[in-house]
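Enquirer: The structure's right below; bear with me while I get my questions together.
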Amino acid sequence: MPPIVTSSSRRPVRLLAAVVVAVLVALNAYRMTVVPQPWPRMALDWALIAACCGALYWRRRRPVPVALAVLLCAAVYYPANPYDSPLPVIAFAVALHTVAAEGRLTAAVALAVPAMLAVGYGELAPGPGGGRHVDDAAMVLLTGWLFGVIAAGHAQRNRQAYLRAVEQRAVAAEREKEVRARQSAVEERLRIARELHDVIGHSLSLINVQSGAALHRHTRHPGETEGLVAALEAVRAGSRDALRELRATLGVLRQADEEAAPTAPAAGLEGVGALVERARAAGLDARLVTEGRPGRPVPPQVGLAAYRIVQESLTNTVRHSGARCAVVTVRHEEDAVRVLVEDDGHGAPREAGAEGAGGPGGSTPGSGVAGMTERARALGGTLTAGNVRGEGGTGGVRGYRVEARLPLGEPAR
């Protein structure tokens, strides 16, 4: 980033300008004492010089009027003065530089051209005093000097505009970086929340159902322990699996950059059978149907998404649908994996499409159908969910269906 000019860095320049002005004023005073002239004329000359130099104080606020005032003072000073002081010319050059630096390039050129034409006319036209004060070489140098000052002012303005643009781009880039960082943090929190919901919600739901069924059976038949032991075994297995998946998820969150990456494989299609077994242990007549063979290896992210969709669907079936049986179908296609979960429960109280906020029983937004839809969309797939109607659409609700299609992506070359 280019350096930014501050007031402290301008102090040496201002000090040098003050020294130059003091030297020129001293030389002008010395020459005025050498060349005798009446006191009224001398007072007028000093007044014109003071007006030229003093007007520069307002050059930032009113650049064009100040430059015009300096030009008029110089036009009065030089014809009436027996010698030529450089102070009005220098003041006019400073005023032109300021006009160009403030973005008034046309005005600066419009003031410089008449000034040079007036100087040329005054030198070439016959006058009462005769002779020339400025030769041809000096005229060329003076013209080049004035237009060089204008060019320097215009270049200074362009540089300041460039510095401001660079600073604005840096500020905009920093803001964009912060926005992206916040967006990434929000997306990561949502992903973590979805993973924790899928891991804990499924297992705890099954544990809750199994515990409730065991207590109900024990209340009705206090002397029977066979069913109670089986239910407790299922609770222990489910809690063990939940703790294992929770430790794996938290291990990823705690992992530092310098630590080794986890080597345990993520859940995938091979774990769908275990989900069906857990649902069967919770009292649901669940079965798994696999159709077709994968044409190529299933990517881990596709397998994980299918696993989580089946997990969420079975959790909703066990908790909310009141179903007695459920069928999980995994169909391998040439370029996709299709997952279908159907039950014979009472369905959702209202239809829930791919954009629905929840599954059976109306689960919370982002953790039901919306969460599963987000997983499918992240992989370029689709997900539909809704009640299954009877024959002709008028036979009432006959269950609930969740169907997802997850593309496998481009084949590896």
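Ordering of the structure tokens sets the chain letters (A, B, ...), residue numbers begin anew at 1 in every chain, and ligands are numbered from 1 in the order given.
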Find the residues near Ala286 of chain A: any atom within 9 Å, counting only C-alpha atoms, skip ones fewer than 2 places away on the same chain, and give them as number ranges by chain.
Expert: A: 276-277, 279-280, 283-284, 288, 324-328, 343
Enquirer: For Leu111 of chain A, find every residue with an atom within 12 Å (counting only C-alpha atoms), except residues of its own chain fewer than 2 positions away, and show them as a short mmCIF file (atom, residue, chain, number, x, y, z; two decimals) with all heavy atoms, in the first residue's frame.
Expert:
data_model
loop_
_atom_site.label_atom_id
_atom_site.label_comp_id
_atom_site.auth_asym_id
_atom_site.auth_seq_id
_atom_site.Cartn_x
_atom_site.Cartn_y
_atom_site.Cartn_z
N PRO A 63 -9.71 28.20 -5.04
CA PRO A 63 -8.49 28.16 -5.86
C PRO A 63 -8.55 29.06 -7.10
O PRO A 63 -7.61 29.79 -7.40
CB PRO A 63 -8.38 26.68 -6.25
CG PRO A 63 -9.75 26.13 -6.08
CD PRO A 63 -10.38 26.90 -4.98
N VAL A 64 -9.67 29.05 -7.84
CA VAL A 64 -9.75 29.83 -9.07
C VAL A 64 -9.81 31.33 -8.77
O VAL A 64 -9.07 32.12 -9.39
CB VAL A 64 -10.96 29.37 -9.91
CG1 VAL A 64 -11.11 30.24 -11.16
CG2 VAL A 64 -10.79 27.91 -10.31
N PRO A 65 -10.65 31.83 -7.86
CA PRO A 65 -10.63 33.27 -7.57
C PRO A 65 -9.27 33.75 -7.04
O PRO A 65 -8.84 34.86 -7.38
CB PRO A 65 -11.73 33.43 -6.50
CG PRO A 65 -12.66 32.30 -6.76
CD PRO A 65 -11.79 31.18 -7.18
N VAL A 66 -8.60 32.95 -6.22
CA VAL A 66 -7.29 33.35 -5.71
C VAL A 66 -6.28 33.47 -6.86
O VAL A 66 -5.50 34.43 -6.94
CB VAL A 66 -6.81 32.36 -4.64
CG1 VAL A 66 -5.33 32.57 -4.32
CG2 VAL A 66 -7.63 32.51 -3.38
N ALA A 67 -6.27 32.49 -7.76
CA ALA A 67 -5.35 32.56 -8.90
C ALA A 67 -5.65 33.76 -9.78
O ALA A 67 -4.72 34.45 -10.28
CB ALA A 67 -5.44 31.27 -9.72
N LEU A 68 -6.92 34.08 -9.99
CA LEU A 68 -7.29 35.25 -10.79
C LEU A 68 -6.86 36.54 -10.09
O LEU A 68 -6.35 37.48 -10.75
CB LEU A 68 -8.80 35.24 -11.02
CG LEU A 68 -9.36 36.38 -11.89
CD1 LEU A 68 -8.73 36.35 -13.28
CD2 LEU A 68 -10.87 36.29 -11.98
N ALA A 69 -7.01 36.61 -8.75
CA ALA A 69 -6.59 37.80 -8.01
C ALA A 69 -5.07 37.98 -8.08
O ALA A 69 -4.57 39.10 -8.26
CB ALA A 69 -7.05 37.69 -6.56
N VAL A 70 -4.33 36.88 -7.96
CA VAL A 70 -2.87 36.98 -8.05
C VAL A 70 -2.44 37.44 -9.44
O VAL A 70 -1.52 38.26 -9.61
CB VAL A 70 -2.23 35.62 -7.69
CG1 VAL A 70 -0.73 35.64 -7.94
CG2 VAL A 70 -2.49 35.28 -6.23
N LEU A 71 -3.13 36.94 -10.48
CA LEU A 71 -2.81 37.35 -11.85
C LEU A 71 -3.08 38.84 -12.05
O LEU A 71 -2.27 39.56 -12.69
CB LEU A 71 -3.63 36.52 -12.83
CG LEU A 71 -3.45 36.85 -14.31
CD1 LEU A 71 -1.99 36.65 -14.73
CD2 LEU A 71 -4.37 36.00 -15.17
N LEU A 72 -4.16 39.37 -11.52
CA LEU A 72 -4.46 40.79 -11.66
C LEU A 72 -3.45 41.65 -10.91
O LEU A 72 -3.01 42.70 -11.42
CB LEU A 72 -5.88 41.07 -11.14
CG LEU A 72 -7.02 40.44 -11.95
CD1 LEU A 72 -8.36 40.73 -11.30
CD2 LEU A 72 -7.00 40.94 -13.39
N PHE A 92 1.86 33.38 -8.46
CA PHE A 92 0.95 32.94 -9.52
C PHE A 92 1.17 31.46 -9.86
O PHE A 92 0.21 30.72 -10.09
CB PHE A 92 1.16 33.81 -10.76
CG PHE A 92 0.23 33.47 -11.89
CD1 PHE A 92 -1.15 33.54 -11.73
CD2 PHE A 92 0.73 33.07 -13.11
CE1 PHE A 92 -2.00 33.23 -12.78
CE2 PHE A 92 -0.12 32.75 -14.16
CZ PHE A 92 -1.50 32.83 -13.99
N ALA A 93 2.43 31.00 -9.85
CA ALA A 93 2.72 29.59 -10.12
C ALA A 93 2.14 28.69 -9.03
O ALA A 93 1.56 27.63 -9.30
CB ALA A 93 4.23 29.38 -10.23
N ALA A 95 -0.45 29.40 -7.18
CA ALA A 95 -1.90 29.42 -7.34
C ALA A 95 -2.33 28.49 -8.48
O ALA A 95 -3.32 27.76 -8.35
CB ALA A 95 -2.37 30.85 -7.60
N LEU A 96 -1.59 28.49 -9.60
CA LEU A 96 -1.92 27.58 -10.70
C LEU A 96 -1.77 26.12 -10.29
O LEU A 96 -2.59 25.26 -10.66
CB LEU A 96 -1.02 27.88 -11.91
CG LEU A 96 -1.30 29.15 -12.69
CD1 LEU A 96 -0.33 29.28 -13.85
CD2 LEU A 96 -2.73 29.17 -13.21
N HIS A 97 -0.72 25.80 -9.53
CA HIS A 97 -0.53 24.44 -9.04
C HIS A 97 -1.71 24.00 -8.17
O HIS A 97 -2.20 22.86 -8.29
CB HIS A 97 0.78 24.36 -8.25
CG HIS A 97 1.06 23.00 -7.70
ND1 HIS A 97 0.56 22.57 -6.48
CD2 HIS A 97 1.79 21.96 -8.20
CE1 HIS A 97 0.97 21.33 -6.25
NE2 HIS A 97 1.72 20.94 -7.28
N VAL A 99 -4.80 25.21 -8.29
CA VAL A 99 -5.99 25.06 -9.12
C VAL A 99 -5.98 23.70 -9.82
O VAL A 99 -6.99 22.98 -9.86
CB VAL A 99 -6.06 26.20 -10.15
CG1 VAL A 99 -7.18 25.95 -11.15
CG2 VAL A 99 -6.31 27.53 -9.45
N ALA A 100 -4.83 23.30 -10.38
CA ALA A 100 -4.73 22.00 -11.04
C ALA A 100 -4.86 20.86 -10.04
O ALA A 100 -5.48 19.83 -10.33
CB ALA A 100 -3.41 21.90 -11.79
N ARG A 104 -9.22 21.49 -11.21
CA ARG A 104 -9.65 22.52 -12.16
C ARG A 104 -8.57 22.71 -13.23
O ARG A 104 -7.97 23.76 -13.36
CB ARG A 104 -9.88 23.84 -11.43
CG ARG A 104 -10.77 23.73 -10.20
CD ARG A 104 -12.20 23.44 -10.58
NE ARG A 104 -13.08 23.41 -9.43
CZ ARG A 104 -13.62 24.49 -8.87
NH1 ARG A 104 -13.36 25.68 -9.38
NH2 ARG A 104 -14.41 24.39 -7.83
N LEU A 105 -8.30 21.65 -13.98
CA LEU A 105 -7.24 21.71 -14.98
C LEU A 105 -7.56 22.71 -16.08
O LEU A 105 -6.69 23.47 -16.52
CB LEU A 105 -7.02 20.31 -15.58
CG LEU A 105 -5.91 20.19 -16.62
CD1 LEU A 105 -4.57 20.54 -16.02
CD2 LEU A 105 -5.88 18.78 -17.19
N THR A 106 -8.80 22.72 -16.54
CA THR A 106 -9.19 23.66 -17.59
C THR A 106 -9.05 25.10 -17.14
O THR A 106 -8.56 25.97 -17.89
CB THR A 106 -10.64 23.38 -18.03
OG1 THR A 106 -10.75 22.01 -18.43
CG2 THR A 106 -11.04 24.29 -19.18
N ALA A 107 -9.44 25.38 -15.91
CA ALA A 107 -9.31 26.74 -15.38
C ALA A 107 -7.84 27.15 -15.26
O ALA A 107 -7.48 28.30 -15.53
CB ALA A 107 -10.00 26.84 -14.03
N ALA A 108 -6.98 26.20 -14.84
CA ALA A 108 -5.55 26.52 -14.72
C ALA A 108 -4.95 26.86 -16.08
O ALA A 108 -4.19 27.84 -16.22
CB ALA A 108 -4.81 25.34 -14.10
N VAL A 109 -5.28 26.08 -17.10
CA VAL A 109 -4.78 26.37 -18.45
C VAL A 109 -5.36 27.68 -18.96
O VAL A 109 -4.66 28.49 -19.60
CB VAL A 109 -5.11 25.20 -19.39
CG1 VAL A 109 -4.70 25.53 -20.83
CG2 VAL A 109 -4.40 23.93 -18.94
N VAL A 113 -2.63 30.63 -20.11
CA VAL A 113 -2.49 31.08 -21.51
C VAL A 113 -2.62 32.60 -21.63
O VAL A 113 -1.76 33.26 -22.26
CB VAL A 113 -3.52 30.34 -22.39
CG1 VAL A 113 -3.56 30.95 -23.79
CG2 VAL A 113 -3.17 28.87 -22.48
N PRO A 114 -3.65 33.27 -21.06
CA PRO A 114 -3.69 34.74 -21.15
C PRO A 114 -2.50 35.41 -20.47
O PRO A 114 -2.04 36.46 -20.93
CB PRO A 114 -5.01 35.10 -20.46
CG PRO A 114 -5.84 33.87 -20.53
CD PRO A 114 -4.87 32.74 -20.44
N ALA A 115 -2.01 34.82 -19.39
CA ALA A 115 -0.85 35.41 -18.71
C ALA A 115 0.36 35.42 -19.62
O ALA A 115 1.08 36.44 -19.74
CB ALA A 115 -0.56 34.65 -17.42
N MET A 116 0.64 34.32 -20.31
CA MET A 116 1.78 34.27 -21.21
C MET A 116 1.57 35.15 -22.43
O MET A 116 2.52 35.78 -22.94
CB MET A 116 2.04 32.82 -21.63
CG MET A 116 2.46 31.92 -20.49
SD MET A 116 3.83 32.59 -19.51
CE MET A 116 5.08 32.87 -20.75
N LEU A 117 0.34 35.23 -22.94
CA LEU A 117 0.06 36.13 -24.06
C LEU A 117 0.28 37.59 -23.66
O LEU A 117 0.81 38.40 -24.45
CB LEU A 117 -1.37 35.92 -24.56
CG LEU A 117 -1.65 34.57 -25.24
CD1 LEU A 117 -3.13 34.47 -25.61
CD2 LEU A 117 -0.77 34.39 -26.47
N ALA A 118 -0.13 37.93 -22.43
CA ALA A 118 0.09 39.31 -21.96
C ALA A 118 1.57 39.62 -21.81
O ALA A 118 2.03 40.72 -22.16
CB ALA A 118 -0.64 39.50 -20.62
N LEU A 146 5.50 27.39 -16.15
CA LEU A 146 4.11 27.52 -15.70
C LEU A 146 3.30 26.26 -16.05
O LEU A 146 2.56 25.74 -15.22
CB LEU A 146 3.47 28.76 -16.33
CG LEU A 146 3.93 30.12 -15.78
CD1 LEU A 146 3.20 31.24 -16.49
CD2 LEU A 146 3.70 30.20 -14.28
N PHE A 147 3.44 25.78 -17.28
CA PHE A 147 2.69 24.58 -17.66
C PHE A 147 3.23 23.33 -16.96
O PHE A 147 2.49 22.38 -16.72
CB PHE A 147 2.71 24.41 -19.18
CG PHE A 147 1.78 25.35 -19.89
CD1 PHE A 147 2.25 26.52 -20.45
CD2 PHE A 147 0.43 25.07 -19.97
CE1 PHE A 147 1.40 27.40 -21.09
CE2 PHE A 147 -0.43 25.95 -20.61
CZ PHE A 147 0.05 27.13 -21.17
N ILE A 150 1.49 23.34 -13.69
CA ILE A 150 0.11 22.84 -13.85
C ILE A 150 0.11 21.31 -13.97
O ILE A 150 -0.74 20.61 -13.37
CB ILE A 150 -0.54 23.50 -15.09
CG1 ILE A 150 -0.70 25.00 -14.86
CG2 ILE A 150 -1.89 22.86 -15.38
CD1 ILE A 150 -1.22 25.74 -16.07
#
Enquirer: Write out as a count of residues only which residues come within 12 Å of Gly322 of chain A when counting only C-alpha atoms, dropping same-chain ones fewer than 2 positions away.
Expert: 25
Enquirer: Considering only C-alpha atoms, can you say which of A:Ala155, A:Ala75, A:Leu246, A:Ala91 comes closest to Val119 of chain A?
Expert: A:Ala75
Enquirer: Residues at most 7 Å from Arg401 of chain A, counting only C-alpha atoms, excluding those fewer than 2 positions away in the same chain, as an NGL selection string?
Expert: :A and (341-343 or 385-388 or 399 or 403)
Enquirer: Take the residues from that selection and write them out as a short mmCIF file (atom, residue, chain, number, x, y, z; two decimals), in the first residue's frame, keeping C-alpha atoms.
Expert:
data_model
loop_
_atom_site.label_atom_id
_atom_site.label_comp_id
_atom_site.auth_asym_id
_atom_site.auth_seq_id
_atom_site.Cartn_x
_atom_site.Cartn_y
_atom_site.Cartn_z
CA VAL A 341 -38.05 -44.54 3.75
CA GLU A 342 -41.75 -45.44 4.05
CA ASP A 343 -43.91 -46.20 7.09
CA ALA A 385 -41.25 -35.80 1.84
CA GLY A 386 -44.97 -36.07 2.46
CA ASN A 387 -47.94 -38.14 3.45
CA VAL A 388 -48.91 -41.22 1.45
CA GLY A 399 -48.24 -43.40 5.98
CA GLU A 403 -37.32 -40.00 -0.84
#
Enquirer: So that I can check the surroundings of Ala267 of chain A, please list as a list in words every protein, DNA and RNA residue that reaches within 12 Å of it, counting only C-alpha atoms and ignoring chain neighbours fewer than 5 positions away.
Expert: Glu195, Asp198, Val199, Asp241, Arg244, Glu245, Ala248, Thr249, Val272, Gly273, Ala274, Leu275, Pro299, Pro300, Gln301, Val302, Gly303, Leu304, Ala305, Ala306, Tyr307, Arg308, Ile309, Val310 and Gln311 of chain A
Enquirer: Which residue gives the smallest distance to Tyr121 of chain A among A:Met139, A:Ala151, A:Ile192, A:Val76, with only C-alpha atoms counted?
Expert: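 Looking only at the distances to Tyr121 of chain A, the closest residue turns out to be A:Met139.
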Enquirer: Counting only C-alpha atoms, which residue out of A:Ala230, A:Ala323, A:Ala378, A:Ala336 sits closest to Gly292 of chain A?
Expert: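 Of all the options, A:Ala336 lies closest to Gly292 of chain A.
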Enquirer: With only C-alpha atoms as the basis for distance, which of A:Val330, A:Ser85, A:Gln210, A:Arg220 is at the shortest distance from Glu270 of chain A?
Expert: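 Checking each of A:Val330, A:Ser85, A:Gln210, A:Arg220 against Glu270 of chain A, counting only C-alpha atoms, the winner is A:Val330.
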Enquirer: Atom CA of Glu291 of chain A to atom CA of Leu269 of chain A: how many Å, to one decimal?
Expert: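 Computed distance, atom CA of Glu291 of chain A to atom CA of Leu269 of chain A, equals 12.8 Å.
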Enquirer: Between atom CA of Arg191 of chain A and atom CA of Ile207 of chain A, what distance in Å does the model show, to one decimal?
Expert: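 Separating atom CA of Arg191 of chain A from atom CA of Ile207 of chain A is a distance of 24.3 Å.
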Enquirer: Using atom CA of Val179 of chain A and atom CA of Gly368 of chain A as the two end points, give the distance in Å to one decimal.
Expert: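 Atom CA of Gly368 of chain A lies 28.3 Å from atom CA of Val179 of chain A.
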